[in-house]
Amino acid sequence: MDTLPSTAPLARLKGASRAYGAVPALQDLDLSLQAGQVTALLGANGAGKSTAVGLLLGLLAADRGEASVLGHVAGSPAAGQATGAMLQSAGVPERLTVLELLALVRSAYPHPRSVADCVALAGLDGLLGRRYGRLSGGQQRRVQFALAVCGRPRLLFLDEPTTGLDIAARQALWSAVRELVAEGCAVLLTTHSLEEAEALADRVAAIDQGRRLAAGSVQEIRARVTMRRIRCLSMLDPALVATWPDVREAQREGEALHIVAEPVEPVLRRLLEADAGARDVEVGRASLADAFLSLTRPAVAQAA
Amino acid sequence: MSMDTPRAVPPAHATVATPRAYLQEARREFMRMLREPAFGIPVIVFPAMFYLLFAVLLDRGSAGAAQYLLATCGVFGVMGAAMFGFGVTIAMDRERGYLRLRRALPSPPGAMLVAKMAMAMVFAAIISLLLAALAWGLAGVRMPAAQALGLPAVNVAGVLPFAAIGMYVGAVLGGNSAPVVLNLLYLPMSFLSGLWMPLSMLPGWLAGIAPVWPAYHLSQLALKIVGHDGGGAAWLHLLVLAGLTAVFFTLARRRLAAAE
């Protein structure tokens with residue numbers, strides 16, 4: 001399924017399966033992370049994202065298959081020293097100052113970044129002496145990012161990195177990630193925000209119920225979806241439009257009518273026949289969000 | 001920041017300065033507990049308060065009672081520092097995902113546990129010194145140097161079994177229920193092991209089952225130093241405590257490893 005020309009991946013899951021009791025969380029998952037690339041792992045809650053990250057971090061053992069980092073078994077000391085992680089719920093001790101936390105995590109790595117570099121990269125100016133528990137949510141997120149990158153990792157895990165960040169802080173974090181990637185870092189990004197995946201990711205892997213649905217570049221994933229969106233000003237009843245063949249979805253938003261159709265051409269023809277007064281007709285490509293929805297809910301799409 | 005050349009990144013198998021990592025870990029654990037007033041103050045002040053109350057204010061000039069309580073209040077303090085220092089922080093760290101984050105870091109395995117252990121031992125030493133100062137200054141206790149040094153030594157080593165018990169409770173329970181359960185263990189066990197008043201003052205059957213409690217065995221070792229113990233063999237108490245340490249430590253490790 002890997003369509004990109006690939007050199008040896010920096011980290012990979014190969015046929016990895018893992019179950020919790022009788023419940024399978026991952027089934028035969030292949031995932032490879034390349035140096036200098038951001039790979040976005042997309043999936044709904046419970047799709048298996050955390051399990052995949054847990055396997056690559058060596059927090060979990062695979063029931064079958066393998067997880068490796070730089071050719072070492074995931075979770076081995078050599079793998080750990082090349083890895084940094086920003087996890088979703090990282091209960092960092094609240095009584096320690098930012099500088100103390102940085103010193104603690106830096107001491108675990110053989111060649112850490114300087115504190116000044118960490119401050120610059122994560123935007124921690126003026127925060128070093130503050131206790132973690134007294135920082136705002138966004139500031140805490142930035143500290144977590146600094147802790148993830150302070151060891152100069154070649155492999156970086158970012159689990160929902162920008163939840164709780166305002167727009168400026170989010171942009172700053174994105175540009176820091178781009179900087180690390182330009183240095184050759186491999187990044188695995190798990191996110192709900194498709195906007196974030198579109199902004200950062202070179203490659204996307206979508207998983208659902210522990211299985212990989214699709215993998216490729218953002219454009220490739222989008223191209224899989226032949227769905228188009230129509231937006232126009234029209235007085236037609238969306239309930240009626242929804243009954244037309246090839247229409248997946250029709251909704252009204254004020255004066256505007258939104259239609260999702262596949263294929264789009266016959267619907268467009270019929271729309272203009274049915275309402276000669278329709279104006280401002282726009283046809284758009286599917287966003288990653290649309291592509292993702294159609295991948296994770298093929299049953300819904302086909303039944304509609 | 002500057003664009004470091006990726007090639008400058010050394011191979012991943014370069015060795016970490018491990019002693020530095022251990023030292024960092026120990027300092028951080030200690031700062032954490034010291035800045036947690038809900039932990040540091042009760043753990044240090046309670047044993048001292050008990051000593052002041054029972055050995056100084058309520059005691060009618062009995063040198064024996066002041067010595068007895070110096071030994072048992074020390075044990076009481078050690079239990080608190082070890083069980084709460086381990087149990088509550090592990091339960092909270094586990095619940096909030098800090099243990100998960102830590103496991104993802106390449107810190108030396110067990111560095112955090114060693115640091116917590118060292119931290120609890122420092123607290124045990126502080127409690128021992130504070131009690132010794134109160135005993136010397138306010139209760140008029142005088143004892144040979146061997147005894148005066150023996151008590152802190154028993155207290156510091158006594159951290160091990162109670163740290164293991166606390167660790168197990170922290171591995172099993174959440175951050176809210178762990179302190180409650182630990183208190184349910186801590187206070188009744190202290191009373192039933194003769195830490196607040198000699199076992200001879202308890203009903204016979206309660207005194208009879210005292211050897212069931214871990215605190216009894218540690219307090220017997222401490223009392224042996226000041227010559228007020230029940231006459232049991234020291235090696236037997238040591239054996240029980242070592243066994244408890246091994247069992248609870250193993251159970252807790254297993255539980256923490258499976259918690260993922």
# chains A, B, ... in the order shown; residues from 1 in each chain; ligands from 1

$ residues_around --residues "Cys185 in chain A" --least-positions-apart "3" --cutoff "8 Å" --atoms "only C-alpha atoms" --output "list in words"
Ala35, Gly36, Gln37, Pro153, Arg154, Leu155, Leu156, Leu180, Val181 and Ala182 of chain A

$ residues_around --residues "Glu265 in chain A" --least-positions-apart "3" --cutoff "10 Å" --atoms "only C-alpha atoms" --output "PyMOL selection string"
chain A and resi 228+246+261-262+268-271+283

$ write_last_selection --atoms "N, CA and C atoms" --output "short mmCIF file (atom, residue, chain, number, x, y, z; two decimals), in the first residue's frame"
data_model
loop_
_atom_site.label_atom_id
_atom_site.label_comp_id
_atom_site.auth_asym_id
_atom_site.auth_seq_id
_atom_site.Cartn_x
_atom_site.Cartn_y
_atom_site.Cartn_z
N ARG A 228 -17.99 15.44 -4.51
CA ARG A 228 -17.80 16.88 -4.62
C ARG A 228 -18.86 17.59 -3.79
N ASP A 246 -27.70 10.01 -6.73
CA ASP A 246 -26.31 10.49 -6.63
C ASP A 246 -26.10 11.54 -5.53
N ALA A 261 -22.34 15.30 -3.44
CA ALA A 261 -22.81 14.42 -4.51
C ALA A 261 -21.67 13.61 -5.09
N GLU A 262 -22.01 12.46 -5.61
CA GLU A 262 -21.00 11.61 -6.23
C GLU A 262 -21.68 10.71 -7.26
N LEU A 268 -25.77 18.40 -10.76
CA LEU A 268 -25.66 19.81 -11.13
C LEU A 268 -26.66 20.15 -12.23
N ARG A 269 -26.73 19.27 -13.22
CA ARG A 269 -27.66 19.46 -14.34
C ARG A 269 -29.09 19.55 -13.80
N ARG A 270 -29.43 18.60 -12.93
CA ARG A 270 -30.80 18.54 -12.42
C ARG A 270 -31.12 19.74 -11.53
N LEU A 271 -30.12 20.18 -10.80
CA LEU A 271 -30.29 21.34 -9.91
C LEU A 271 -30.66 22.57 -10.72
N VAL A 283 -18.64 24.57 -7.08
CA VAL A 283 -18.39 23.14 -6.90
C VAL A 283 -16.97 22.99 -6.33
#

$ atom_distance --atom1 "CA of Gln147 in chain B" --atom2 "CA of Phe84 in chain B"
27.5 Å

$ closest_residue --among "A:Ser32, A:Ser89, A:Thr243, A:Gln27" --to "chain B" --atoms "only C-alpha atoms"
A:Ser89

$ residues_around --residues "Ala246 in chain B" --least-positions-apart "4" --cutoff "9 Å" --atoms "only C-alpha atoms" --output "list in words"
Pro161, Ala164, Leu241, Ala242, Thr250 and Leu251 of chain B

$ write_last_selection --atoms "C-alpha atoms" --output "mmCIF file, in the first residue's frame"
data_model
loop_
_atom_site.group_PDB
_atom_site.id
_atom_site.type_symbol
_atom_site.label_atom_id
_atom_site.label_comp_id
_atom_site.auth_asym_id
_atom_site.auth_seq_id
_atom_site.Cartn_x
_atom_site.Cartn_y
_atom_site.Cartn_z
ATOM 1 C CA PRO B 161 8.508 -2.694 53.507
ATOM 2 C CA ALA B 164 6.415 -1.659 48.931
ATOM 3 C CA LEU B 241 9.771 -7.492 56.873
ATOM 4 C CA ALA B 242 12.037 -8.676 54.056
ATOM 5 C CA THR B 250 6.784 -7.930 43.079
ATOM 6 C CA LEU B 251 2.990 -7.630 43.062
#

$ interface_residues --of "chain A" --to "chain B" --cutoff "8 Å" --atoms "only C-alpha atoms" --output "ChimeraX atom specification"
/A:57-60,75,77-87,89-93,95-96,100,103-105,107-111,117,120-121,152,179,183-184
